[in-house]
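Trainee: Input coords-v6.cif, format and content: mmCIF, C-alpha atoms.
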```
data_entry
#
loop_
_atom_site.label_atom_id
_atom_site.label_comp_id
_atom_site.auth_asym_id
_atom_site.auth_seq_id
_atom_site.Cartn_x
_atom_site.Cartn_y
_atom_site.Cartn_z
CA MET A 1 0.00 0.00 0.00
CA GLN A 2 2.84 2.41 0.77
CA ASN A 3 4.52 1.71 -2.58
CA VAL A 4 1.37 2.84 -4.38
CA THR A 5 1.40 6.14 -2.46
CA LYS A 6 5.08 6.81 -3.22
CA GLY A 7 4.53 5.95 -6.86
CA ALA A 8 1.61 8.36 -7.06
CA ARG A 9 3.66 11.23 -5.60
CA MET A 10 6.70 10.85 -7.80
CA PRO A 11 5.03 12.00 -11.03
CA ALA A 12 3.65 15.07 -9.24
CA ILE A 13 7.16 15.99 -8.07
CA VAL A 14 8.58 15.41 -11.52
CA ARG A 15 5.85 17.52 -13.13
CA THR A 16 6.38 20.31 -10.63
CA SER A 17 10.13 20.23 -11.20
CA ALA A 18 9.62 20.27 -14.96
CA VAL A 19 7.27 23.25 -14.77
CA ILE A 20 9.68 25.20 -12.56
CA GLY A 21 12.60 24.30 -14.82
CA LEU A 22 10.75 25.44 -17.94
CA ALA A 23 9.73 28.69 -16.26
CA LEU A 24 13.33 29.41 -15.31
CA LEU A 25 14.51 28.55 -18.80
CA ALA A 26 11.91 30.85 -20.35
CA ALA A 27 12.90 33.68 -18.01
CA ALA A 28 16.59 33.26 -18.85
CA CYS A 29 15.94 33.37 -22.60
CA SER A 30 14.66 36.90 -22.93
CA THR A 31 15.33 38.83 -26.10
CA PRO A 32 16.90 42.30 -26.21
CA GLN A 33 13.47 43.69 -27.09
CA GLU A 34 11.96 42.14 -23.95
CA LYS A 35 14.79 43.53 -21.84
CA SER A 36 14.29 46.95 -23.37
CA ALA A 37 10.56 46.83 -22.73
CA ARG A 38 11.20 45.82 -19.11
CA ALA A 39 13.67 48.71 -18.65
CA GLN A 40 11.17 51.18 -20.14
CA ALA A 41 8.45 49.90 -17.81
CA GLU A 42 10.76 50.30 -14.80
CA MET A 43 11.63 53.86 -15.86
CA ALA A 44 7.96 54.72 -16.36
CA GLU A 45 7.27 53.45 -12.84
CA LEU A 46 10.11 55.58 -11.43
CA MET A 47 8.75 58.63 -13.26
CA ASN A 48 5.29 58.06 -11.80
CA ILE A 49 6.67 57.71 -8.28
CA TYR A 50 9.43 60.34 -8.15
CA GLY A 51 8.44 62.70 -10.98
CA PRO A 52 6.13 64.89 -8.89
CA ALA A 53 8.80 65.29 -6.19
CA CYS A 54 11.40 66.36 -8.77
CA THR A 55 8.90 68.82 -10.27
CA GLN A 56 8.32 70.30 -6.80
CA LEU A 57 12.09 70.60 -6.39
CA GLY A 58 12.08 72.96 -9.36
CA TYR A 59 13.09 70.74 -12.27
CA GLY A 60 11.11 71.13 -15.48
CA ALA A 61 9.13 68.02 -16.30
CA ASN A 62 10.64 65.70 -18.92
CA THR A 63 13.98 67.49 -19.06
CA ASP A 64 17.37 65.84 -18.61
CA PRO A 65 17.92 67.29 -15.09
CA TRP A 66 14.42 66.10 -14.13
CA ARG A 67 15.23 62.57 -15.35
CA GLU A 68 18.52 62.63 -13.42
CA CYS A 69 16.58 63.68 -10.31
CA VAL A 70 14.14 60.77 -10.82
CA LEU A 71 17.02 58.30 -11.19
CA HIS A 72 18.83 59.77 -8.18
CA LEU A 73 15.78 59.51 -5.92
CA GLY A 74 15.04 55.96 -7.11
CA THR A 75 18.64 54.87 -6.52
CA ARG A 76 18.70 56.51 -3.10
CA GLU A 77 15.50 54.71 -2.10
CA GLU A 78 16.87 51.37 -3.30
CA LEU A 79 20.13 51.82 -1.39
CA GLN A 80 18.24 52.70 1.78
CA ARG A 81 16.08 49.62 1.34
CA MET A 82 19.14 47.39 0.87
CA GLY A 83 21.04 48.78 3.85
CA ASN A 84 24.70 49.70 4.08
CA GLY A 85 26.06 46.14 3.97
CA ALA A 86 28.18 46.52 7.10
CA GLY A 87 27.04 43.44 8.96
CA ALA A 88 29.18 41.07 11.00
CA TYR A 89 31.49 40.62 8.00
CA GLY A 90 30.90 43.99 6.34
CA ALA A 91 33.42 44.66 3.60
CA TRP A 92 33.60 48.41 4.17
CA GLY A 93 33.56 48.32 7.96
CA PRO A 94 36.14 49.56 10.45
CA ARG A 95 39.01 47.73 8.73
CA TYR A 96 39.25 50.38 6.03
CA ARG A 97 39.02 53.19 8.54
CA GLY A 98 41.94 52.10 10.67
CA GLY A 99 40.11 49.41 12.66
CA TYR A 100 41.18 45.79 13.03
CA TRP A 101 44.78 45.92 11.78
CA GLY A 102 45.43 49.61 11.39
CA PRO A 103 45.08 51.95 8.45
CA TYR A 104 48.17 50.68 6.55
CA TRP A 105 47.60 46.93 6.63
#
```
Since I need it in another form, could you write the structure as structure tokens?
Mentor:
Amino acid sequence: MQNVTKGARMPAIVRTSAVIGLALLAAACSTPQEKSARAQAEMAELMNIYGPACTQLGYGANTDPWRECVLHLGTREELQRMGNGAGAYGAWGPRYRGGYWGPYW
């Protein structure tokens, strides 16, 4: 009886693995046009979110300085969300400021 149950589960696992594998393969095989469309969609989203703030800061809408402001605010937000990276093994921690082994090590 247990062999029947194991046999019934195996095809479900194989099907699930195959579906996940095909999805990953399809995502990895994106064309330059798809990548461009994705980048344009991301930029449009950034403009919708940060565009009004840059306009209030005095930049003319849809000008190069306005676009730089939008990118700057979006990058700043993303860096704040990610954190500074100085955890227990932070690469830019006190070692590079004269910590662990001194400034000239």
Trainee: How many Å separate CA of Met43 (chain A) from CA of Gly60 (chain A)?
Mentor: 17.3 Å
Trainee: Applied to this file, what does the PyMOL selection byres ((chain A and resi 52) around 12) return in terms of residues, put as a JSON list (two decimals) with C-alpha atoms, keeping the file's coordinate frame?
Mentor:
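Written out: result19.json:
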```json
[["chain", "number", "residue", "atom", "x", "y", "z"],
["A", 46, "LEU", "CA", 10.11, 55.58, -11.43],
["A", 47, "MET", "CA", 8.75, 58.63, -13.26],
["A", 48, "ASN", "CA", 5.29, 58.06, -11.80],
["A", 49, "ILE", "CA", 6.67, 57.71, -8.28],
["A", 50, "TYR", "CA", 9.43, 60.34, -8.15],
["A", 51, "GLY", "CA", 8.44, 62.70, -10.98],
["A", 53, "ALA", "CA", 8.80, 65.29, -6.19],
["A", 54, "CYS", "CA", 11.40, 66.36, -8.77],
["A", 55, "THR", "CA", 8.90, 68.82, -10.27],
["A", 56, "GLN", "CA", 8.32, 70.30, -6.80],
["A", 57, "LEU", "CA", 12.09, 70.60, -6.39],
["A", 58, "GLY", "CA", 12.08, 72.96, -9.36],
["A", 59, "TYR", "CA", 13.09, 70.74, -12.27],
["A", 60, "GLY", "CA", 11.11, 71.13, -15.48],
["A", 61, "ALA", "CA", 9.13, 68.02, -16.30],
["A", 62, "ASN", "CA", 10.64, 65.70, -18.92],
["A", 66, "TRP", "CA", 14.42, 66.10, -14.13],
["A", 67, "ARG", "CA", 15.23, 62.57, -15.35],
["A", 69, "CYS", "CA", 16.58, 63.68, -10.31],
["A", 70, "VAL", "CA", 14.14, 60.77, -10.82],
["A", 73, "LEU", "CA", 15.78, 59.51, -5.92]]
```
Trainee: Please report the interatomic distance between CA of Arg76 (chain A) and CA of Ala39 (chain A) in Å with one decimal.
Mentor: 18.1 Å
Trainee: Work out where the centre of an axis-aligned box around every listed atom of region 60-75 of chain A lies and how long its edges are once 8 Å is added on each side; give both in Å to one decimal as AutoDock Vina command-line options.
Mentor:
```
--center_x 14.0 --center_y 63.0 --center_z -12.5 --size_x 25.7 --size_y 32.3 --size_z 29.1
```
